[in-house]
file entry_10.txt (compact mmCIF, C-alpha atoms and all ligand atoms)
# COMPACT_ATOMS: atom_id res chain seq x y z
CA MET A 1 93.36 73.11 63.46
CA ASP A 2 94.62 76.64 62.83
CA ILE A 3 91.95 79.25 62.23
CA VAL A 4 91.91 82.94 61.31
CA VAL A 5 89.01 84.99 62.68
CA LEU A 6 87.73 88.03 60.75
CA VAL A 7 86.06 90.73 62.86
CA SER A 8 84.69 94.26 62.64
CA GLY A 9 83.33 94.94 66.10
CA ARG A 10 82.92 93.82 69.67
CA GLY A 11 84.37 90.35 69.36
CA SER A 12 82.12 88.46 71.74
CA ASN A 13 82.19 85.48 69.38
CA LEU A 14 85.98 85.64 69.22
CA LYS A 15 85.95 85.64 73.02
CA ALA A 16 83.61 82.62 73.05
CA ILE A 17 86.01 80.74 70.77
CA CYS A 18 88.98 81.66 72.99
CA ASP A 19 87.07 80.68 76.15
CA ALA A 20 86.17 77.31 74.62
CA ILE A 21 89.82 76.76 73.66
CA ASP A 22 90.83 77.54 77.25
CA ALA A 23 88.15 75.17 78.57
CA GLY A 24 89.45 72.40 76.31
CA THR A 25 86.19 72.14 74.35
CA CYS A 26 87.39 73.64 71.07
CA ASP A 27 90.33 71.82 69.58
CA THR A 28 91.72 74.69 67.56
CA SER A 29 94.19 77.54 67.63
CA VAL A 30 93.47 81.15 66.61
CA VAL A 31 96.60 82.05 64.64
CA GLY A 32 95.40 85.44 63.46
CA VAL A 33 92.64 88.03 63.78
CA VAL A 34 91.97 90.35 60.84
CA SER A 35 89.74 93.43 61.10
CA ASP A 36 88.53 96.05 58.66
CA ARG A 37 88.20 98.51 61.56
CA ALA A 38 91.16 99.74 63.60
CA LYS A 39 88.87 100.48 66.56
CA ALA A 40 87.27 97.03 66.77
CA ALA A 41 87.26 95.92 70.41
CA ALA A 42 87.93 92.41 69.13
CA LEU A 43 91.48 93.53 68.26
CA GLU A 44 92.20 94.42 71.90
CA LEU A 45 90.98 91.02 72.99
CA ALA A 46 93.23 89.34 70.43
CA GLU A 47 96.24 91.42 71.42
CA LYS A 48 95.72 90.63 75.11
CA ARG A 49 95.89 86.96 74.21
CA GLY A 50 99.02 87.45 72.10
CA ILE A 51 97.22 86.62 68.86
CA ALA A 52 98.67 88.28 65.75
CA THR A 53 96.36 90.98 64.36
CA ARG A 54 96.07 92.78 61.04
CA VAL A 55 93.92 95.80 60.19
CA LEU A 56 92.78 96.37 56.63
CA PRO A 57 90.49 99.41 56.51
CA LEU A 58 88.29 99.97 53.48
CA ARG A 59 87.38 103.63 53.10
CA LYS A 60 84.95 105.29 50.73
CA GLY A 61 86.63 105.66 47.35
CA ASP A 62 89.24 102.95 48.05
CA ASP A 63 89.90 100.38 45.34
CA ARG A 64 87.72 97.50 46.47
CA ALA A 65 89.36 94.95 44.17
CA ALA A 66 92.78 95.81 45.60
CA TRP A 67 91.38 95.56 49.14
CA ASN A 68 89.96 92.11 48.38
CA GLU A 69 93.34 90.97 47.05
CA ALA A 70 95.12 92.35 50.11
CA LEU A 71 92.63 90.68 52.45
CA ALA A 72 93.18 87.33 50.74
CA GLU A 73 96.96 87.76 51.01
CA GLU A 74 96.86 88.68 54.70
CA VAL A 75 94.58 85.79 55.63
CA ALA A 76 96.46 83.26 53.50
CA ALA A 77 99.77 84.30 55.09
CA PHE A 78 98.55 82.70 58.33
CA GLU A 79 97.98 79.40 56.46
CA PRO A 80 94.73 78.61 58.30
CA ALA A 81 92.76 75.42 57.75
CA LEU A 82 89.55 77.38 58.33
CA VAL A 83 88.54 81.05 58.17
CA VAL A 84 85.84 82.18 60.62
CA LEU A 85 83.77 85.33 60.09
CA ALA A 86 82.67 86.49 63.54
CA GLY A 87 80.96 89.82 63.08
CA PHE A 88 82.89 90.75 59.93
CA MET A 89 80.69 93.34 58.23
CA ARG A 90 82.01 93.07 54.67
CA VAL A 91 80.91 90.87 51.81
CA LEU A 92 83.89 88.74 50.78
CA GLY A 93 85.26 89.11 47.27
CA ALA A 94 86.44 86.39 44.92
CA PRO A 95 90.15 86.39 45.93
CA LEU A 96 89.52 85.08 49.47
CA LEU A 97 86.70 82.76 48.37
CA ARG A 98 88.97 81.26 45.70
CA ARG A 99 91.81 80.67 48.16
CA PHE A 100 89.59 78.92 50.72
CA PRO A 101 86.79 77.24 48.79
CA GLY A 102 84.30 75.82 51.27
CA ARG A 103 86.69 76.67 54.14
CA ILE A 104 85.12 79.94 55.29
CA ILE A 105 82.26 79.96 57.79
CA ASN A 106 80.11 82.76 59.19
CA VAL A 107 77.80 83.19 62.17
CA HIS A 108 74.58 85.08 61.44
CA PRO A 109 71.98 86.31 63.97
CA ALA A 110 68.87 84.78 62.36
CA LEU A 111 67.58 81.44 61.18
CA LEU A 112 68.66 81.63 57.55
CA PRO A 113 67.38 81.71 54.89
CA SER A 114 65.12 84.15 56.78
CA PHE A 115 66.52 87.62 57.44
CA PRO A 116 69.91 87.71 55.71
CA GLY A 117 71.86 91.00 55.80
CA HIS A 118 73.04 93.38 58.47
CA ASP A 119 69.79 94.11 60.35
CA ALA A 120 68.52 90.60 61.10
CA PRO A 121 67.26 91.02 64.71
CA GLN A 122 65.25 94.14 63.79
CA GLU A 123 63.82 92.40 60.73
CA ALA A 124 62.78 89.41 62.83
CA ILE A 125 60.89 91.78 65.14
CA ASP A 126 59.37 93.69 62.22
CA GLY A 127 58.33 90.36 60.70
CA ALA A 128 56.56 89.43 63.96
CA VAL A 129 58.12 85.95 63.97
CA ARG A 130 57.93 84.02 67.23
CA ILE A 131 61.18 82.12 66.85
CA SER A 132 64.54 83.38 65.65
CA GLY A 133 68.08 82.26 66.37
CA CYS A 134 71.49 81.95 64.81
CA THR A 135 73.00 80.13 61.87
CA VAL A 136 76.53 78.96 61.20
CA HIS A 137 76.99 78.57 57.46
CA ILE A 138 79.60 78.22 54.77
CA VAL A 139 80.34 81.52 53.05
CA ASP A 140 79.75 81.83 49.33
CA ALA A 141 79.65 84.87 47.05
CA GLY A 142 76.18 85.94 48.22
CA VAL A 143 75.07 87.73 51.38
CA ASP A 144 74.36 85.01 53.99
CA THR A 145 73.36 82.55 51.27
CA GLY A 146 75.87 79.70 51.71
CA PRO A 147 75.07 76.16 52.85
CA ILE A 148 73.80 75.90 56.42
CA ILE A 149 75.95 73.91 58.85
CA ALA A 150 74.06 74.32 62.13
CA GLN A 151 71.39 76.45 63.77
CA ALA A 152 70.08 77.24 67.25
CA ALA A 153 66.68 78.76 67.99
CA VAL A 154 65.53 81.33 70.56
CA PRO A 155 62.03 82.68 71.25
CA VAL A 156 61.10 86.21 70.23
CA LEU A 157 59.32 87.66 73.26
CA GLY A 158 56.69 90.38 73.50
CA GLY A 159 58.43 93.66 74.21
CA ASP A 160 61.69 92.56 72.61
CA THR A 161 63.78 95.23 70.94
CA ALA A 162 66.44 94.42 68.37
CA ALA A 163 68.98 94.75 71.19
CA THR A 164 67.26 92.36 73.63
CA LEU A 165 66.61 89.80 70.90
CA HIS A 166 70.18 90.08 69.62
CA ALA A 167 71.52 89.56 73.15
CA ARG A 168 69.43 86.37 73.51
CA ILE A 169 70.64 85.16 70.09
CA GLN A 170 74.26 85.87 71.00
CA VAL A 171 74.06 83.51 73.98
CA GLN A 172 73.36 80.77 71.46
CA GLU A 173 75.99 82.01 69.00
CA HIS A 174 78.62 81.74 71.73
CA ARG A 175 77.61 78.14 72.30
CA LEU A 176 77.12 77.08 68.68
CA LEU A 177 80.10 78.63 66.88
CA PRO A 178 82.86 77.08 69.04
CA ARG A 179 81.09 73.72 68.87
CA VAL A 180 80.91 73.80 65.09
CA ILE A 181 84.58 74.80 64.86
CA HIS A 182 85.49 71.95 67.20
CA GLN A 183 83.46 69.45 65.20
CA ILE A 184 85.11 70.57 61.97
CA ALA A 185 88.51 70.27 63.68
CA ILE A 186 87.90 66.68 64.79
CA GLY A 187 86.30 65.69 61.49
CA ALA A 188 82.80 65.19 62.91
CA ILE A 189 81.51 67.78 60.45
CA THR A 190 82.71 67.54 56.88
CA LEU A 191 82.16 70.71 54.89
CA GLU A 192 82.72 69.36 51.38
CA PRO A 193 79.37 67.49 51.06
CA LEU A 194 77.58 70.69 52.08
CA MET A 195 79.08 72.46 49.09
CA VAL A 196 77.09 70.34 46.66
CA ASN A 197 74.99 72.64 44.54
CA THR A 198 71.55 71.97 46.03
CA PRO A 199 69.00 74.52 47.27
CA VAL A 200 69.94 76.20 50.55
CA ALA A 201 66.60 75.18 52.03
CA ASP A 202 67.27 71.43 51.54
CA PRO A 203 66.90 70.11 55.14
CA THR A 204 69.10 67.06 54.49
CA ARG A 205 72.10 69.38 54.45
CA SER A 206 72.14 69.81 58.20
CA LEU A 207 71.69 66.11 58.92
CA THR A 208 75.45 65.61 58.63
CA VAL A 209 75.87 67.62 61.85
CA PRO A 210 75.99 65.15 64.72
CA ASP A 211 75.30 65.85 68.34
CA LEU A 212 74.41 69.53 68.35
C1 LIG A 301 77.01 88.51 65.78
O1 LIG A 301 75.70 88.65 66.26
C2 LIG A 301 77.03 87.79 64.47
O2 LIG A 301 75.94 86.95 64.29
C3 LIG A 301 76.96 88.90 63.46
O3 LIG A 301 77.68 89.96 64.02
C4 LIG A 301 77.64 89.86 65.44
C5 LIG A 301 79.04 89.95 65.94
O4 LIG A 301 79.10 90.07 67.32
N1 LIG A 301 77.46 88.46 62.18
P1 LIG A 301 80.49 90.04 68.09
O5 LIG A 301 81.39 91.09 67.46
O6 LIG A 301 81.07 88.67 67.95
O7 LIG A 301 80.15 90.39 69.50
call {"tool": "encode", "arguments": {"input": "entry_10.txt", "output": "structure tokens"}}
result
Amino acid sequence: MDIVVLVSGRGSNLKAICDAIDAGTCDTSVVGVVSDRAKAAALELAEKRGIATRVLPLRKGDDRAAWNEALAEEVAAFEPALVVLAGFMRVLGAPLLRRFPGRIINVHPALLPSFPGHDAPQEAIDGAVRISGCTVHIVDAGVDTGPIIAQAAVPVLGGDTAATLHARIQVQEHRLLPRVIHQIAIGAITLEPLMVNTPVADPTRSLTVPDL
């Protein structure tokens, strides 16, 4: 299964996907990496592996609608079966969502529907929760609101900072995201039934995920 990975930053999830491919545990091929930031370390990682990269910066005052169209064009040109958001810090517009309905997934550093948005580890600490984790979900037009595919939990420890909690969550992200991609690739997870318009909190949604 060909995938395109969208990134904005460090790229540790991209690395986890590539490592799983190398280890033979993720039956997929990263055909392109697209970033909205030219300086994203994830781009270096992709280039070292010979993966095609594209950079589409969005600056203040830029035409957002045009950027969304260009992003959809760039991603679609790779003809991926699945688009993976791995630390991509932009909300997707309609053009990309329309091209890949139910075929875009994201990894988020909290147990959704708790703590959506860009500051999830800090909000988990501020909320004094005792368990947090990560969620892999289908992307819809909202911010971290799409149907949940799989989750992994971690404890929130006394003395945790956002950084220490995020680091603990990322260990689980690196395990969960490649596994979900693999299971989609081999047909063990089917995304279409998850797209049924039921409340995000419906627990039956994640029961279609075997063996995680
Ligand atoms: C991850 O924690 C992910 O959950 C969030 O952004 C972070 C990206 O990390 N969406 P990296 O760039 O993959 O290291």
call {"tool": "closest_atom_pairs", "arguments": {"input": "entry_10.txt", "of": "chain A", "to": "ligand LIG 301 (chain A)", "cutoff": "10 Å", "atoms": "only C-alpha atoms and all ligand atoms", "output": "Markdown table"}}
result
| residue | atom | partner | partner_atom | distance |
| --- | --- | --- | --- | --- |
| A:Leu6 | CA | A:LIG301 | O5 | 9.7 |
| A:Val7 | CA | A:LIG301 | O5 | 6.6 |
| A:Ser8 | CA | A:LIG301 | O5 | 6.6 |
| A:Gly9 | CA | A:LIG301 | O5 | 4.5 |
| A:Arg10 | CA | A:LIG301 | O5 | 3.8 |
| A:Gly11 | CA | A:LIG301 | O5 | 3.6 |
| A:Ser12 | CA | A:LIG301 | O7 | 3.6 |
| A:Asn13 | CA | A:LIG301 | O6 | 3.7 |
| A:Leu14 | CA | A:LIG301 | O6 | 5.9 |
| A:Lys15 | CA | A:LIG301 | O6 | 7.7 |
| A:Ala16 | CA | A:LIG301 | O6 | 8.3 |
| A:Ile17 | CA | A:LIG301 | O6 | 9.8 |
| A:Ala40 | CA | A:LIG301 | O5 | 8.4 |
| A:Ala41 | CA | A:LIG301 | O5 | 8.2 |
| A:Ala42 | CA | A:LIG301 | O5 | 6.9 |
| A:Leu85 | CA | A:LIG301 | N1 | 7.3 |
| A:Ala86 | CA | A:LIG301 | O6 | 5.2 |
| A:Gly87 | CA | A:LIG301 | O3 | 3.4 |
| A:Phe88 | CA | A:LIG301 | N1 | 6.3 |
| A:Met89 | CA | A:LIG301 | N1 | 7.1 |
| A:Arg90 | CA | A:LIG301 | N1 | 9.9 |
| A:Asn106 | CA | A:LIG301 | N1 | 7.0 |
| A:Val107 | CA | A:LIG301 | O2 | 4.7 |
| A:His108 | CA | A:LIG301 | O2 | 3.7 |
| A:Pro109 | CA | A:LIG301 | O2 | 4.0 |
| A:Ala110 | CA | A:LIG301 | O2 | 7.6 |
| A:Pro116 | CA | A:LIG301 | N1 | 10.0 |
| A:Gly117 | CA | A:LIG301 | N1 | 8.9 |
| A:His118 | CA | A:LIG301 | N1 | 7.6 |
| A:Asp119 | CA | A:LIG301 | C3 | 9.4 |
| A:Ala120 | CA | A:LIG301 | O2 | 8.9 |
| A:Pro121 | CA | A:LIG301 | O1 | 8.9 |
| A:Gly133 | CA | A:LIG301 | O2 | 9.4 |
| A:Cys134 | CA | A:LIG301 | O2 | 6.7 |
| A:Thr135 | CA | A:LIG301 | O2 | 7.8 |
| A:Val136 | CA | A:LIG301 | O2 | 8.6 |
| A:Asp144 | CA | A:LIG301 | N1 | 9.4 |
| A:His166 | CA | A:LIG301 | O1 | 6.6 |
| A:Ala167 | CA | A:LIG301 | O1 | 8.1 |
| A:Arg168 | CA | A:LIG301 | O1 | 9.9 |
| A:Ile169 | CA | A:LIG301 | O1 | 7.2 |
| A:Gln170 | CA | A:LIG301 | O1 | 5.7 |
| A:Val171 | CA | A:LIG301 | O1 | 9.4 |
| A:Gln172 | CA | A:LIG301 | O1 | 9.7 |
| A:Glu173 | CA | A:LIG301 | O2 | 6.8 |
| A:His174 | CA | A:LIG301 | O6 | 8.3 |
| A:Leu177 | CA | A:LIG301 | O2 | 9.7 |
call {"tool": "residues_around", "arguments": {"input": "entry_10.txt", "residues": "Ala52 in chain A", "least_positions_apart": "6", "cutoff": "10 Å", "atoms": "all atoms listed in the file", "output": "MDAnalysis selection string"}}
result
chainID A and resid 4 30:34 43 46 78
call {"tool": "atom_distance", "arguments": {"input": "entry_10.txt", "atom1": "CA of Glu44 in chain A", "atom2": "CA of Val139 in chain A"}}
result
25.7 Å
call {"tool": "atom_distance", "arguments": {"input": "entry_10.txt", "atom1": "CA of Pro95 in chain A", "atom2": "CA of Arg37 in chain A"}}
result
19.9 Å
call {"tool": "closest_residue", "arguments": {"input": "entry_10.txt", "among": "A:Arg99, A:Pro57, A:Gly146, A:Leu194", "to": "Val75 in chain A", "atoms": "all atoms listed in the file"}}
result
A:Arg99
call {"tool": "atom_distance", "arguments": {"input": "entry_10.txt", "atom1": "CA of Leu71 in chain A", "atom2": "CA of Pro101 in chain A"}}
result
15.1 Å
call {"tool": "closest_residue", "arguments": {"input": "entry_10.txt", "among": "A:Gln122, A:Leu191, A:Leu176, A:Val143", "to": "Ala162 in chain A", "atoms": "only C-alpha atoms"}}
result
A:Gln122
call {"tool": "closest_residue", "arguments": {"input": "entry_10.txt", "among": "A:Leu56, A:Asp22, A:Val83, A:Thr161", "to": "Ala70 in chain A", "atoms": "only C-alpha atoms"}}
result
A:Leu56
call {"tool": "closest_residue", "arguments": {"input": "entry_10.txt", "among": "A:Val196, A:Ile3, A:Ile21, A:Ile51", "to": "Ile104 in chain A", "atoms": "all atoms listed in the file"}}
result
A:Ile3
call {"tool": "decode", "arguments": {"input": "entry_10.txt", "residues": "range 135-160 of chain A", "atoms": "N, CA and C atoms", "output": "compact mmCIF listing (two decimals), in the first residue's frame"}}
result
# COMPACT_ATOMS: atom_id res chain seq x y z
N THR A 135 -3.98 8.58 20.14
CA THR A 135 -5.12 8.13 19.34
C THR A 135 -4.74 8.19 17.87
N VAL A 136 -5.06 7.13 17.14
CA VAL A 136 -5.00 7.19 15.68
C VAL A 136 -6.44 7.26 15.20
N HIS A 137 -6.75 8.28 14.41
CA HIS A 137 -8.14 8.48 13.99
C HIS A 137 -8.22 8.91 12.54
N ILE A 138 -9.40 8.73 11.98
CA ILE A 138 -9.65 9.22 10.63
C ILE A 138 -9.84 10.73 10.70
N VAL A 139 -9.29 11.43 9.72
CA VAL A 139 -9.39 12.89 9.71
C VAL A 139 -10.68 13.32 9.02
N ASP A 140 -11.40 14.21 9.72
CA ASP A 140 -12.56 14.86 9.09
C ASP A 140 -12.31 16.37 9.11
N ALA A 141 -13.36 17.15 8.89
CA ALA A 141 -13.16 18.60 8.75
C ALA A 141 -12.90 19.29 10.08
N GLY A 142 -13.11 18.60 11.20
CA GLY A 142 -12.89 19.23 12.50
C GLY A 142 -11.45 19.09 12.97
N VAL A 143 -11.19 19.59 14.17
CA VAL A 143 -9.85 19.48 14.76
C VAL A 143 -9.85 18.25 15.68
N ASP A 144 -9.23 17.16 15.21
CA ASP A 144 -9.10 15.93 16.00
C ASP A 144 -10.45 15.34 16.38
N THR A 145 -11.43 15.45 15.48
CA THR A 145 -12.78 15.00 15.80
C THR A 145 -13.19 13.72 15.06
N GLY A 146 -12.39 13.24 14.13
CA GLY A 146 -12.81 12.12 13.29
C GLY A 146 -12.88 10.80 14.03
N PRO A 147 -13.50 9.79 13.40
CA PRO A 147 -13.68 8.49 14.04
C PRO A 147 -12.37 7.87 14.54
N ILE A 148 -12.43 7.34 15.75
CA ILE A 148 -11.25 6.74 16.38
C ILE A 148 -11.01 5.34 15.82
N ILE A 149 -9.75 5.08 15.44
CA ILE A 149 -9.37 3.75 14.94
C ILE A 149 -8.74 2.93 16.07
N ALA A 150 -7.80 3.52 16.78
CA ALA A 150 -7.09 2.77 17.83
C ALA A 150 -6.48 3.74 18.83
N GLN A 151 -6.29 3.26 20.05
CA GLN A 151 -5.69 4.09 21.10
C GLN A 151 -4.73 3.27 21.94
N ALA A 152 -3.77 3.95 22.56
CA ALA A 152 -2.88 3.32 23.54
C ALA A 152 -2.76 4.27 24.72
N ALA A 153 -2.75 3.71 25.93
CA ALA A 153 -2.75 4.53 27.14
C ALA A 153 -1.37 4.56 27.79
N VAL A 154 -1.08 5.67 28.47
CA VAL A 154 0.13 5.75 29.32
C VAL A 154 -0.29 6.42 30.64
N PRO A 155 0.43 6.14 31.73
CA PRO A 155 0.12 6.85 32.97
C PRO A 155 0.64 8.28 32.93
N VAL A 156 -0.04 9.16 33.63
CA VAL A 156 0.50 10.51 33.88
C VAL A 156 1.08 10.47 35.29
N LEU A 157 2.37 10.73 35.40
CA LEU A 157 3.06 10.56 36.69
C LEU A 157 3.22 11.89 37.42
N GLY A 158 3.28 11.83 38.74
CA GLY A 158 3.55 13.02 39.52
C GLY A 158 4.88 13.62 39.06
N GLY A 159 4.93 14.92 38.90
CA GLY A 159 6.17 15.54 38.45
C GLY A 159 6.32 15.60 36.94
N ASP A 160 5.38 15.00 36.21
CA ASP A 160 5.45 15.09 34.75
C ASP A 160 5.36 16.53 34.29
